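Participant: The structure file data.tsv (TSV, C-alpha atoms) is provided below.
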chain	number	residue	atom	x	y	z
A	1092	MET	CA	0.00	0.00	0.00
A	1093	LEU	CA	1.31	3.44	-0.93
A	1094	GLU	CA	2.13	5.64	2.06
A	1095	LEU	CA	2.05	9.40	1.77
A	1096	ASN	CA	4.58	11.33	3.84
A	1097	PHE	CA	3.21	14.73	4.87
A	1098	LYS	CA	6.07	15.54	7.26
A	1099	VAL	CA	7.65	18.19	5.07
A	1100	SER	CA	4.48	19.85	3.88
A	1101	ALA	CA	2.36	19.70	7.05
A	1102	ARG	CA	3.00	23.34	7.93
A	1103	LYS	CA	2.09	24.45	4.41
A	1104	MET	CA	-1.08	22.38	4.58
A	1105	ALA	CA	-1.94	24.01	7.93
A	1106	VAL	CA	-1.53	27.46	6.43
A	1107	VAL	CA	-3.82	26.54	3.50
A	1108	VAL	CA	-6.47	25.32	5.93
A	1109	VAL	CA	-6.12	28.52	7.96
A	1110	ILE	CA	-6.59	30.65	4.85
A	1111	LEU	CA	-9.76	28.73	3.94
A	1112	LEU	CA	-11.12	29.03	7.46
A	1113	ALA	CA	-10.29	32.72	7.56
A	1114	GLY	CA	-12.10	33.23	4.26
A	1115	TRP	CA	-15.20	31.64	5.76
A	1116	GLY	CA	-14.94	33.98	8.74
A	1117	ILE	CA	-14.39	31.13	11.16
A	1118	ILE	CA	-10.94	32.13	12.32
A	1119	SER	CA	-8.73	35.21	12.27
A	1120	PHE	CA	-5.82	34.68	9.90
A	1121	ALA	CA	-3.59	37.13	11.77
A	1122	GLU	CA	-4.32	35.50	15.11
A	1123	VAL	CA	-3.47	32.03	13.84
A	1124	LEU	CA	-0.30	33.18	12.15
A	1125	THR	CA	0.73	34.76	15.45
A	1126	SER	CA	-0.06	31.51	17.26
A	1127	LEU	CA	1.88	29.43	14.73
A	1128	TYR	CA	4.82	31.83	15.01
A	1129	LYS	CA	4.87	31.58	18.79
A	1130	GLU	CA	4.64	27.78	18.71
A	1131	ASN	CA	7.44	27.49	16.17
A	1132	LYS	CA	9.53	29.97	18.16
A	1133	ILE	CA	9.12	27.92	21.34
A	1134	ALA	CA	9.85	24.68	19.51
A	1135	SER	CA	12.99	26.08	17.88
A	1136	SER	CA	14.31	27.24	21.27
A	1137	LYS	CA	14.16	23.72	22.73
A	1138	LYS	CA	17.38	21.76	23.10
A	1139	ILE	CA	17.75	18.06	23.84
A	1140	LEU	CA	20.64	16.51	25.76
A	1141	LYS	CA	20.53	12.71	25.55
A	1142	SER	CA	21.67	10.54	28.44
A	1143	VAL	CA	21.03	7.01	29.63
A	1144	LEU	CA	21.88	7.99	33.21
A	1145	TYR	CA	19.34	10.76	33.84
A	1146	GLY	CA	17.20	10.60	30.68
A	1147	ASP	CA	16.90	12.82	27.64
A	1148	ILE	CA	16.67	16.40	28.95
A	1149	VAL	CA	14.61	18.88	26.95
A	1150	THR	CA	15.44	22.49	27.85
A	1151	THR	CA	13.87	25.81	26.92
A	1152	ASP	CA	15.50	29.11	27.87
A	1153	ILE	CA	13.14	31.55	29.59
A	1154	LEU	CA	13.28	34.95	31.29
A	1155	LEU	CA	11.64	35.48	34.69
A	1156	ASN	CA	9.89	38.79	35.29
A	1157	LEU	CA	10.23	40.58	38.59
A	1158	PRO	CA	6.75	40.74	40.26
A	1159	ASP	CA	5.11	44.13	39.76
A	1160	GLU	CA	4.82	44.67	43.50
A	1161	PHE	CA	8.58	44.26	43.84
A	1162	VAL	CA	9.41	47.03	41.35
A	1163	VAL	CA	10.53	49.94	43.51
A	1164	ILE	CA	11.42	53.29	41.99
A	1165	PRO	CA	14.15	54.84	44.14
A	1166	PRO	CA	13.48	58.35	45.43
A	1167	SER	CA	14.64	61.11	43.13
A	1168	THR	CA	18.05	62.32	44.30
A	1169	PRO	CA	20.67	64.69	42.92
A	1170	ASN	CA	23.89	63.29	41.55
A	1171	ASN	CA	25.11	60.60	43.96
A	1172	ASN	CA	27.58	58.67	41.83
A	1173	ILE	CA	30.33	57.34	44.09
A	1174	LEU	CA	33.08	55.17	42.68
A	1175	PHE	CA	35.19	53.69	45.48
A	1176	PHE	CA	38.61	52.39	44.51
A	1177	GLU	CA	39.24	50.13	47.47
A	1178	GLY	CA	42.91	49.81	48.44
A	1179	TYR	CA	43.98	52.34	45.78
A	1180	THR	CA	46.22	55.35	46.23
A	1181	TRP	CA	45.60	58.48	44.18
A	1182	SER	CA	48.61	57.59	42.06
A	1183	MET	CA	47.03	54.21	41.25
A	1184	VAL	CA	43.72	55.87	40.33
A	1185	LEU	CA	45.58	58.28	38.03
A	1186	ASP	CA	47.30	55.38	36.28
A	1187	LEU	CA	43.95	53.61	35.83
A	1188	LEU	CA	42.26	56.72	34.37
A	1189	LYS	CA	45.19	57.27	32.01
A	1190	SER	CA	44.86	53.66	30.80
A	1191	ALA	CA	41.10	54.03	30.23
A	1192	LYS	CA	41.45	55.64	26.78
A	1193	LEU	CA	39.59	58.81	27.78
A	1194	SER	CA	39.80	61.88	25.57
A	1195	ASP	CA	42.20	64.58	26.74
A	1196	GLN	CA	39.28	66.76	27.86
A	1197	ALA	CA	37.53	63.90	29.67
A	1198	LEU	CA	40.77	62.87	31.40
A	1199	HIS	CA	41.32	66.45	32.57
A	1200	THR	CA	37.77	66.59	33.96
A	1201	TRP	CA	38.11	63.27	35.80
A	1202	VAL	CA	41.49	64.20	37.27
A	1203	ALA	CA	41.19	67.95	37.98
A	1204	GLU	CA	37.49	68.68	38.42
A	1205	THR	CA	35.87	65.54	39.84
A	1206	PRO	CA	35.28	65.72	43.62
A	1207	ARG	CA	37.19	63.06	45.52
A	1208	ASN	CA	37.87	61.83	49.03
A	1209	HIS	CA	41.00	60.13	50.31
A	1210	ASP	CA	41.04	57.77	53.29
A	1211	ASN	CA	43.05	54.84	54.53
A	1212	ASP	CA	40.79	52.36	52.71
A	1213	GLY	CA	41.03	53.90	49.26
A	1214	ILE	CA	39.86	56.72	47.00
A	1215	GLN	CA	36.31	57.93	46.35
A	1216	LEU	CA	35.50	59.67	43.07
A	1217	MET	CA	32.15	61.44	42.56
A	1218	PRO	CA	31.66	61.98	38.82
A	1219	THR	CA	28.60	63.73	37.36
A	1220	ASP	CA	25.93	61.90	35.40
A	1221	GLN	CA	27.32	63.54	32.29
A	1222	GLN	CA	30.74	62.05	32.91
A	1223	ILE	CA	29.17	58.62	33.39
A	1224	LEU	CA	27.09	58.92	30.23
A	1225	GLU	CA	30.01	60.07	28.10
A	1226	LEU	CA	32.22	57.06	28.89
A	1227	THR	CA	32.80	54.84	25.89
A	1228	PRO	CA	32.19	51.09	26.33
A	1229	GLU	CA	35.96	50.55	26.28
A	1230	SER	CA	36.62	53.21	28.94
A	1231	ARG	CA	33.72	51.95	31.02
A	1232	SER	CA	35.06	48.40	30.85
A	1233	ILE	CA	38.53	49.42	32.05
A	1234	ILE	CA	37.32	51.61	34.93
A	1235	TYR	CA	34.41	49.43	36.06
A	1236	SER	CA	36.40	46.21	35.88
A	1237	ALA	CA	38.58	47.70	38.62
A	1238	LEU	CA	35.52	48.53	40.74
A	1239	THR	CA	33.34	45.45	40.25
A	1240	GLY	CA	33.79	42.83	42.93
A	1241	MET	CA	35.00	45.26	45.58
A	1242	PRO	CA	32.71	44.89	48.65
A	1243	ALA	CA	32.30	48.67	49.01
A	1244	ASN	CA	30.83	48.87	45.49
A	1245	VAL	CA	28.32	46.02	45.73
A	1246	ASN	CA	25.32	48.33	46.05
A	1247	LYS	CA	26.64	50.95	43.64
A	1248	LYS	CA	28.10	48.68	41.01
A	1249	ASP	CA	25.93	45.56	41.16
A	1250	VAL	CA	26.00	44.25	37.63
A	1251	VAL	CA	23.22	43.05	35.36
A	1252	CYS	CA	24.36	40.64	32.66
A	1253	PHE	CA	22.85	40.02	29.23
A	1254	LYS	CA	23.63	37.45	26.58
A	1255	PRO	CA	24.37	39.34	23.35
A	1256	SER	CA	22.28	36.78	21.44
A	1257	THR	CA	19.11	37.62	23.39
A	1258	LEU	CA	19.58	41.30	24.23
A	1259	GLU	CA	18.05	42.65	21.01
A	1260	GLN	CA	14.94	40.52	21.47
A	1261	ILE	CA	14.63	41.63	25.10
A	1262	MET	CA	14.75	45.30	24.10
A	1263	GLN	CA	12.29	44.86	21.24
A	1264	GLU	CA	9.77	43.12	23.49
A	1265	SER	CA	10.34	45.36	26.53
A	1266	GLY	CA	7.94	48.14	25.55
A	1267	LEU	CA	10.63	50.70	26.35
A	1268	SER	CA	10.80	53.93	24.39
A	1269	GLN	CA	13.54	54.34	21.80
A	1270	ASN	CA	15.24	56.88	24.08
A	1271	SER	CA	15.39	54.37	26.94
A	1272	ILE	CA	16.67	51.62	24.64
A	1273	ALA	CA	19.37	53.97	23.35
A	1274	LEU	CA	20.27	54.86	26.94
A	1275	LEU	CA	20.60	51.21	27.89
A	1276	LYS	CA	22.78	50.44	24.88
A	1277	GLN	CA	24.93	53.48	25.68
A	1278	LEU	CA	25.67	52.20	29.19
A	1279	LEU	CA	26.51	48.59	28.30
A	1280	TYR	CA	30.07	47.35	28.43
A	1281	SER	CA	31.91	44.04	28.45
A	1282	SER	CA	34.48	42.29	30.60
A	1283	PRO	CA	37.62	40.71	29.14
A	1284	LYS	CA	36.91	37.34	30.78
A	1285	SER	CA	33.15	37.05	30.15
A	1286	PRO	CA	31.14	37.03	26.90
A	1287	LEU	CA	28.21	38.80	28.57
A	1288	LEU	CA	27.20	42.44	28.17
A	1289	ILE	CA	27.08	44.27	31.49
A	1290	PHE	CA	25.04	47.15	32.93
A	1291	SER	CA	25.64	48.77	36.32
A	1292	ASP	CA	24.75	52.50	36.21
A	1293	TRP	CA	21.30	52.32	37.81
A	1294	ASP	CA	21.18	55.75	39.44
A	1295	ALA	CA	22.59	57.75	36.55
A	1296	ALA	CA	20.31	55.95	34.07
A	1297	LEU	CA	17.08	56.42	36.03
A	1298	ARG	CA	17.77	60.16	36.39
A	1299	GLN	CA	17.64	60.43	32.59
A	1300	ILE	CA	14.14	58.94	32.39
A	1301	PRO	CA	11.38	61.54	32.95
A	1302	SER	CA	8.30	59.44	33.80
A	1303	ASP	CA	7.75	56.96	36.63
A	1304	GLU	CA	5.95	54.61	34.24
A	1305	GLU	CA	9.00	54.43	31.99
A	1306	LYS	CA	11.29	54.02	35.00
A	1307	ARG	CA	9.25	51.05	36.18
A	1308	LEU	CA	9.49	49.49	32.72
A	1309	PHE	CA	13.24	50.14	32.64
A	1310	ILE	CA	13.70	48.49	36.06
A	1311	LYS	CA	11.58	45.48	35.04
A	1312	THR	CA	13.54	45.04	31.81
A	1313	LEU	CA	16.86	45.13	33.64
A	1314	SER	CA	15.52	42.77	36.32
A	1315	LEU	CA	14.74	39.93	33.89
A	1316	LYS	CA	16.44	36.76	35.10
A	1317	PRO	CA	17.50	34.06	32.62
A	1318	SER	CA	16.38	30.59	33.62
A	1319	ILE	CA	15.49	27.22	32.12
A	1320	LEU	CA	12.42	25.07	31.75
A	1321	ALA	CA	13.72	21.51	31.87
A	1322	GLU	CA	11.86	18.29	31.13
A	1323	VAL	CA	12.81	14.63	31.12
A	1324	ARG	CA	11.62	12.74	28.05
A	1325	ILE	CA	10.25	9.29	28.88
A	1326	THR	CA	10.05	6.84	25.97
A	1327	PRO	CA	9.14	3.14	25.72
A	1328	GLU	CA	12.89	2.43	25.57
A	1329	THR	CA	13.79	4.48	28.69
A	1330	ASN	CA	15.65	2.59	31.40
A	1331	VAL	CA	13.36	3.54	34.29
A	1332	VAL	CA	15.54	1.78	36.87
A	1333	GLN	CA	18.51	3.98	36.03
A	1334	LEU	CA	16.38	7.14	35.99
A	1335	ALA	CA	14.86	6.24	39.36
A	1336	ASN	CA	18.36	5.72	40.78
A	1337	TYR	CA	19.48	9.11	39.51
A	1338	TRP	CA	16.46	11.28	40.30
A	1339	GLY	CA	15.66	9.43	43.54
A	1340	GLN	CA	18.81	10.58	45.36
A	1341	GLY	CA	18.32	11.47	49.02
A	1342	GLY	CA	16.05	8.53	49.84
A	1343	ARG	CA	13.39	9.58	47.33
A	1344	ARG	CA	13.43	6.65	44.92
A	1345	LYS	CA	10.01	5.50	46.13
A	1346	ASP	CA	8.67	8.97	45.28
A	1347	VAL	CA	9.83	9.11	41.67
A	1348	GLU	CA	9.86	5.49	40.46
A	1349	PRO	CA	6.06	4.93	40.33
A	1350	LEU	CA	5.56	8.10	38.30
A	1351	LEU	CA	8.31	7.15	35.84
A	1352	TYR	CA	6.84	3.68	35.30
A	1353	SER	CA	3.34	5.07	34.83
A	1354	LEU	CA	4.57	7.48	32.17
A	1355	GLN	CA	6.46	4.75	30.33
A	1356	SER	CA	3.33	2.59	30.29
A	1357	LEU	CA	1.65	5.17	28.03
A	1358	LYS	CA	3.69	3.68	25.15
A	1359	ASP	CA	4.47	7.12	23.77
A	1360	ASN	CA	7.06	9.83	24.33
A	1361	VAL	CA	6.18	11.96	27.35
A	1362	ASP	CA	8.02	15.07	28.59
A	1363	ILE	CA	7.75	15.59	32.34
A	1364	SER	CA	9.07	18.65	34.18
A	1365	VAL	CA	12.17	17.90	36.24
A	1366	MET	CA	10.38	19.85	38.96
A	1367	CYS	CA	8.32	16.70	39.61
A	1368	LEU	CA	11.51	14.70	40.20
A	1369	LEU	CA	13.48	17.11	42.38
A	1370	PRO	CA	13.64	17.27	46.20
A	1371	ALA	CA	10.76	19.03	47.97
A	1372	PHE	CA	13.01	21.92	49.01
A	1373	ILE	CA	13.60	22.77	45.33
A	1374	GLN	CA	10.01	22.09	44.27
A	1375	ASN	CA	8.72	24.55	46.87
A	1376	ARG	CA	10.96	27.39	45.68
A	1377	LEU	CA	11.81	26.98	41.99
A	1378	TYR	CA	10.84	30.02	39.85
A	1379	THR	CA	9.68	31.98	42.90
A	1380	TYR	CA	10.91	35.11	44.66
A	1381	PRO	CA	11.32	35.42	48.45
A	1382	PHE	CA	9.24	37.96	50.33
A	1383	PRO	CA	11.04	41.26	50.95
A	1384	SER	CA	11.97	42.17	54.50
A	1385	SER	CA	13.47	45.22	56.16
A	1386	ASP	CA	14.56	43.20	59.21
A	1387	LYS	CA	18.34	42.91	59.09
A	1388	LEU	CA	18.16	39.92	61.45
A	1389	ASP	CA	16.15	37.85	58.98
A	1390	ILE	CA	17.85	34.79	57.53
A	1391	GLN	CA	19.76	35.54	54.34
A	1392	GLN	CA	18.35	33.01	51.91
A	1393	ASP	CA	21.27	33.22	49.52
A	1394	CYS	CA	23.08	30.74	47.28
A	1395	PHE	CA	24.80	28.94	50.19
A	1396	TRP	CA	21.59	28.58	52.20
A	1397	THR	CA	19.93	27.29	49.03
A	1398	ALA	CA	22.59	24.77	47.92
A	1399	LEU	CA	23.28	23.26	51.34
A	1400	ASN	CA	19.60	22.81	52.19
A	1401	THR	CA	18.77	20.89	49.00
A	1402	PHE	CA	17.79	17.63	50.72
A	1403	ASN	CA	16.48	19.15	53.96
A	1404	LEU	CA	12.74	18.98	54.54
A	1405	ASN	CA	13.17	21.66	57.20
A	1406	PRO	CA	15.83	24.19	56.10
A	1407	ASP	CA	18.81	24.72	58.38
A	1408	ASP	CA	18.72	28.50	58.80
A	1409	GLN	CA	22.34	28.66	59.95
A	1410	MET	CA	23.42	27.91	56.39
A	1411	TYR	CA	24.03	31.60	55.72
A	1412	ASP	CA	26.92	31.76	58.24
A	1413	MET	CA	30.18	31.09	56.40
A	1414	ASP	CA	31.96	29.62	59.46
A	1415	TYR	CA	29.04	27.25	60.02
A	1416	ILE	CA	29.03	26.35	56.31
A	1417	LYS	CA	32.75	25.57	56.36
A	1418	ASN	CA	32.28	23.26	59.33
A	1419	LYS	CA	29.39	21.53	57.56
A	1420	LEU	CA	31.43	21.03	54.40
A	1421	ASP	CA	34.34	19.64	56.43
A	1422	SER	CA	32.22	17.25	58.51
A	1423	GLU	CA	29.37	16.18	56.20
A	1424	TYR	CA	30.79	16.48	52.67
A	1425	TYR	CA	33.86	15.37	50.78
A	1426	LYS	CA	35.55	16.87	47.72
A	1427	ILE	CA	35.08	15.22	44.34
A	1428	TYR	CA	36.86	15.70	41.03
A	1429	GLU	CA	33.71	16.29	38.95
A	1430	PRO	CA	30.01	16.43	39.87
A	1431	SER	CA	27.98	13.55	38.46
A	1432	GLN	CA	25.18	12.95	40.95
A	1433	LEU	CA	22.01	14.92	41.63
A	1434	GLY	CA	22.61	17.14	44.65
A	1435	ASP	CA	26.38	17.53	44.32
A	1436	ILE	CA	27.50	21.00	45.41
A	1437	ILE	CA	29.33	23.37	43.07
A	1438	CYS	CA	31.23	26.15	44.83
A	1439	LEU	CA	32.92	28.97	42.94
A	1440	SER	CA	36.10	30.43	44.40
A	1441	ILE	CA	38.26	33.36	43.36
A	1442	GLY	CA	42.01	33.73	43.30
A	1443	ASP	CA	42.55	34.14	47.03
A	1444	GLY	CA	40.54	31.01	47.81
A	1445	LYS	CA	37.44	32.93	48.88
A	1446	VAL	CA	34.21	31.11	48.00
A	1447	ILE	CA	31.76	33.52	46.34
A	1448	HIS	CA	28.91	31.28	45.17
A	1449	ALA	CA	27.32	27.87	45.54
A	1450	ALA	CA	24.85	25.91	43.43
A	1451	THR	CA	23.23	22.48	43.32
A	1452	TYR	CA	24.19	20.15	40.47
A	1453	ILE	CA	21.17	18.84	38.54
A	1454	THR	CA	22.74	17.60	35.28
A	1455	PRO	CA	26.04	18.46	33.54
A	1456	ASP	CA	24.39	21.52	31.95
A	1457	ILE	CA	21.94	22.55	34.67
A	1458	VAL	CA	22.28	23.90	38.21
A	1459	PHE	CA	19.76	25.06	40.80
A	1460	THR	CA	20.75	28.29	42.50
A	1461	LYS	CA	19.89	31.76	43.78
A	1462	ASN	CA	22.19	34.62	42.82
A	1463	GLY	CA	22.19	36.61	46.05
A	1464	TYR	CA	19.92	36.93	49.07
A	1465	ASN	CA	17.96	39.95	47.83
A	1466	TYR	CA	14.23	39.55	47.25
A	1467	THR	CA	14.73	40.55	43.60
A	1468	GLN	CA	16.68	37.31	43.03
A	1469	PRO	CA	14.52	34.22	42.36
A	1470	TRP	CA	15.36	30.55	42.79
A	1471	ILE	CA	16.14	29.28	39.31
A	1472	LEU	CA	17.50	26.55	37.11
A	1473	MET	CA	20.46	27.92	35.17
A	1474	HIS	CA	22.89	26.71	32.54
A	1475	LYS	CA	26.16	25.98	34.32
A	1476	SER	CA	28.09	27.91	31.65
A	1477	ASP	CA	25.83	30.97	32.14
A	1478	MET	CA	26.45	30.84	35.89
A	1479	LEU	CA	30.22	30.76	35.35
A	1480	ASP	CA	30.05	33.65	32.85
A	1481	THR	CA	27.89	35.70	35.25
A	1482	TYR	CA	30.28	35.39	38.17
A	1483	GLN	CA	33.29	35.97	35.95
A	1484	ALA	CA	31.62	39.26	34.93
A	1485	ARG	CA	31.08	40.11	38.60
A	1486	TYR	CA	34.71	39.31	39.46
A	1487	PRO	CA	36.61	40.36	36.33
A	1488	ASN	CA	40.01	40.73	37.97
A	1489	THR	CA	40.44	37.14	39.03
A	1490	SER	CA	39.88	33.64	37.72
A	1491	ILE	CA	36.83	31.69	38.83
A	1492	GLU	CA	37.64	28.17	40.00
A	1493	PRO	CA	34.90	25.58	40.68
A	1494	ILE	CA	35.21	23.25	43.68
A	1495	TYR	CA	32.90	20.23	43.95
A	1496	PHE	CA	31.48	18.48	47.03
A	1497	ARG	CA	29.28	15.46	47.66
A	1498	LYS	CA	27.32	14.75	50.83
A	1499	ARG	CA	28.58	11.69	52.68
A	1500	SER	CA	25.11	10.42	53.60
A	1501	ILE	CA	23.62	10.59	50.08
Could you rewrite the structure in this file as structure tokens?

Facilitator:
Amino acid sequence: MLELNFKVSARKMAVVVVILLAGWGIISFAEVLTSLYKENKIASSKKILKSVLYGDIVTTDILLNLPDEFVVIPPSTPNNNILFFEGYTWSMVLDLLKSAKLSDQALHTWVAETPRNHDNDGIQLMPTDQQILELTPESRSIIYSALTGMPANVNKKDVVCFKPSTLEQIMQESGLSQNSIALLKQLLYSSPKSPLLIFSDWDAALRQIPSDEEKRLFIKTLSLKPSILAEVRITPETNVVQLANYWGQGGRRKDVEPLLYSLQSLKDNVDISVMCLLPAFIQNRLYTYPFPSSDKLDIQQDCFWTALNTFNLNPDDQMYDMDYIKNKLDSEYYKIYEPSQLGDIICLSIGDGKVIHAATYITPDIVFTKNGYNYTQPWILMHKSDMLDTYQARYPNTSIEPIYFRKRSI
């Protein structure tokens, strides 16, 4: 019997049907085209990583929006740009400014006219908004790379990172005015060790935007957080025993195995969210934001608290204290060469051995983490490479080294 293969022409056939239906007034042609475009766009953004150990992982990159009620417009203030060069002498600042490829006029203004303070901890410079806006991306990169990562500049120079491949789409879909988009582009710069584009001039930028509505939109656009939707593809050929062993770490095999077998019994390919297979601690927080608090004594639910509580039904709220964390790592974990098991801990350290970040290993490409304790930072799944690039952008003057741990009792 002759078989007809419609695989190649199915989309064309769908469009023909849509045109006929639209002509009969049954369906809006524009609406369906938009729907087809969105579906194709989502499908084309999916990636599949095949593995016998943890299953075929289907990932889709997404951007999380900051909740509207968390968008806070800072009070209008006069120029308050403070660049603190921690541990620098004035001679060292001069050398840095001279290396920053400023024009002769700009260099004169920064050196001779910019207010500054000297103290034992370093040098403070207080440039005007105009000076900030006139920096070229190259000059901004040289000056800001010296500032980023210094504790005194965390609030003033906290960086927002964008992938160049997605930035244009973000700006087009943001709803921002052309002036605001131009302003954002003007203030972006790069770091020598990271492929990401970086923004950090919050105060100076917001003072250029006249309306509160546009400021809110600007803040929301810059607060987008890249994350991942991840699914495990179950097929009739899937080795459910191996998947149950992998995803059932932490004494949870009985919780995941029945579901995996039931999906395989459907005799068809089924994609299930990894959220259904992860520990309860992760399930209860993934893709959510913590509630804001003004109480300085509240527990800092940061990356360390998040990673080290992965298998805890009741979170250990001392996991924000670095001395306590070190003792836990020494007594309950051991170092491994490479992570390979759900729940392994990935710590990032900088040149002096200081640990700056922690995340939970999910698969070779995916980690679970929270990038800071602030309420504007959600719990997310993240590509491991994106996490490394982000922290390299935040600490441009040192090399990021991963250290891996596994819990003894898992």

Participant: Please report, as a tab-separated table, each residue of region 1343-1441 of chain A lying at most 9 Å from region 1458-1463 of chain A, together with the nearest pair of atoms and the separation in Å rounded to one decimal; use only C-alpha atoms, and order rows by chain and ascending residue number.

Facilitator:
residue	atom	partner	partner_atom	distance
A:Ile1373	CA	A:Phe1459	CA	8.0
A:Leu1377	CA	A:Phe1459	CA	8.3
A:Gln1391	CA	A:Gly1463	CA	8.7
A:Gln1392	CA	A:Gly1463	CA	7.9
A:Asp1393	CA	A:Gly1463	CA	4.9
A:Cys1394	CA	A:Lys1461	CA	4.8
A:Phe1395	CA	A:Lys1461	CA	8.6
A:Thr1397	CA	A:Thr1460	CA	6.7
A:Ala1398	CA	A:Thr1460	CA	6.7
A:Ile1437	CA	A:Val1458	CA	8.6

Participant: Between CA of Gly1342 (chain A) and CA of Leu1354 (chain A), what is the distance, to one decimal in Å?

Facilitator: 21.1 Å

Participant: To one decimal in Å, tell me the separation between CA of Arg1298 (chain A) and CA of Ile1310 (chain A).

Facilitator: 12.4 Å

Participant: Any idea what's packed within 12 Å of Ile1390 (chain A), counting all atoms listed in the file, ignoring anything in its chain fewer than 4 positions away? Could you give it as a ChimeraX atom specification?

Facilitator: /A:1381-1386,1395-1397,1406-1412,1464-1466

Participant: Could you tell me how far CA of Ser1440 (chain A) sits from CA of Asp1421 (chain A), in Å to one decimal place?

Facilitator: 16.3 Å

Participant: Using all atoms listed in the file, which of the listed residues (A:Leu1157, A:Lys1316, A:Lys1498, A:Leu1439) sits closest to Thr1401 (chain A)?

Facilitator: A:Lys1498

Participant: For region 1192-1205 of chain A, find every residue with an atom within 12 Å (counting only C-alpha atoms), except residues of its own chain fewer than 5 positions away, and show them as a PyMOL selection string.

Facilitator: chain A and resi 1172-1174+1181-1182+1184-1187+1215-1234

Participant: Can I get the selection written as a CSV table (one decimal), keeping the file's coordinate frame, with C-alpha atoms?

Facilitator:
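Contents of the output file part.csv:
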chain,number,residue,atom,x,y,z
A,1172,ASN,CA,27.6,58.7,41.8
A,1173,ILE,CA,30.3,57.3,44.1
A,1174,LEU,CA,33.1,55.2,42.7
A,1181,TRP,CA,45.6,58.5,44.2
A,1182,SER,CA,48.6,57.6,42.1
A,1184,VAL,CA,43.7,55.9,40.3
A,1185,LEU,CA,45.6,58.3,38.0
A,1186,ASP,CA,47.3,55.4,36.3
A,1187,LEU,CA,44.0,53.6,35.8
A,1215,GLN,CA,36.3,57.9,46.4
A,1216,LEU,CA,35.5,59.7,43.1
A,1217,MET,CA,32.2,61.4,42.6
A,1218,PRO,CA,31.7,62.0,38.8
A,1219,THR,CA,28.6,63.7,37.4
A,1220,ASP,CA,25.9,61.9,35.4
A,1221,GLN,CA,27.3,63.5,32.3
A,1222,GLN,CA,30.7,62.0,32.9
A,1223,ILE,CA,29.2,58.6,33.4
A,1224,LEU,CA,27.1,58.9,30.2
A,1225,GLU,CA,30.0,60.1,28.1
A,1226,LEU,CA,32.2,57.1,28.9
A,1227,THR,CA,32.8,54.8,25.9
A,1228,PRO,CA,32.2,51.1,26.3
A,1229,GLU,CA,36.0,50.6,26.3
A,1230,SER,CA,36.6,53.2,28.9
A,1231,ARG,CA,33.7,52.0,31.0
A,1232,SER,CA,35.1,48.4,30.8
A,1233,ILE,CA,38.5,49.4,32.0
A,1234,ILE,CA,37.3,51.6,34.9

Participant: Tell me which of A:Ala1295, A:Leu1275, A:Ile1153, A:Ile1427 sits closest to Thr1168 (chain A), counting only C-alpha atoms.

Facilitator: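 Checking each candidate against Thr1168 (chain A), we get A:Ala1295 as the closest.
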
Participant: Give me the residues near Arg1499 (chain A) as a ChimeraX atom specification, where near means some atom within 7 Å (using only C-alpha atoms) and where sequence neighbours in that chain fewer than 3 positions away do not count.

Facilitator: /A:1423-1425

Participant: Since we have the selection now, will you write its residues out, keeping C-alpha atoms, as a PDB file, keeping the file's coordinate frame?

Facilitator:
ATOM      1  CA  GLU A1423      29.370  16.180  56.200  1.00  0.00           C
ATOM      2  CA  TYR A1424      30.790  16.480  52.670  1.00  0.00           C
ATOM      3  CA  TYR A1425      33.860  15.370  50.780  1.00  0.00           C
TER       4      TYR A1425
END

Participant: Excluding Ile1457 (chain A) and its own-chain neighbours fewer than 4 positions away, which residues fall within 9 Å of it when counting only C-alpha atoms? Please give them as a list of chain:residue names.

Facilitator: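 Using only C-alpha atoms, the neighbours found are A:Ile1319, A:Ala1321, A:Thr1451, A:Tyr1452, A:Ile1453, A:Leu1472, A:Met1473, A:His1474, A:Lys1475, A:Ser1476.
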
Participant: Which of these residues is nearest to Thr1489 (chain A), using all atoms listed in the file: A:Ile1447, A:Ala1296, A:Ala1335, A:Pro1469?

Facilitator: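 Of A:Ile1447, A:Ala1296, A:Ala1335, A:Pro1469, the one nearest Thr1489 (chain A), counting all atoms listed in the file, is A:Ile1447.
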
Participant: For Gln1269 (chain A), find every residue with an atom within 12 Å (counting only C-alpha atoms), except residues of its own chain fewer than 6 positions away, and show them as a VMD selection string.

Facilitator: chain A and resid 1262 to 1263 1275 to 1276 1300 1305 1309

Participant: Between A:Asp1480, A:Lys1311, A:Pro1317, A:Asn1375, which has the minimum distance to Leu1267 (chain A) (counting only C-alpha atoms)?

Facilitator: A:Lys1311

Participant: Mind filling out region 1166-1170 of chain A with N, CA and C atoms and sending it as a PDB file, keeping the file's coordinate frame?

Facilitator:
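After the write, rebuild-v2.pdb holds the following:
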ATOM      1  N   PRO A1166      13.817  56.928  45.342  1.00  0.00           N
ATOM      2  CA  PRO A1166      13.480  58.350  45.430  1.00  0.00           C
ATOM      3  C   PRO A1166      14.409  59.182  44.565  1.00  0.00           C
ATOM      4  N   SER A1167      13.849  60.233  43.994  1.00  0.00           N
ATOM      5  CA  SER A1167      14.640  61.110  43.130  1.00  0.00           C
ATOM      6  C   SER A1167      15.698  61.825  43.966  1.00  0.00           C
ATOM      7  N   THR A1168      16.938  61.694  43.568  1.00  0.00           N
ATOM      8  CA  THR A1168      18.050  62.320  44.300  1.00  0.00           C
ATOM      9  C   THR A1168      18.943  63.040  43.306  1.00  0.00           C
ATOM     10  N   PRO A1169      19.662  64.059  43.792  1.00  0.00           N
ATOM     11  CA  PRO A1169      20.670  64.690  42.920  1.00  0.00           C
ATOM     12  C   PRO A1169      21.801  63.712  42.664  1.00  0.00           C
ATOM     13  N   ASN A1170      22.753  64.141  41.879  1.00  0.00           N
ATOM     14  CA  ASN A1170      23.890  63.290  41.550  1.00  0.00           C
ATOM     15  C   ASN A1170      24.482  62.644  42.804  1.00  0.00           C
TER      16      ASN A1170
END
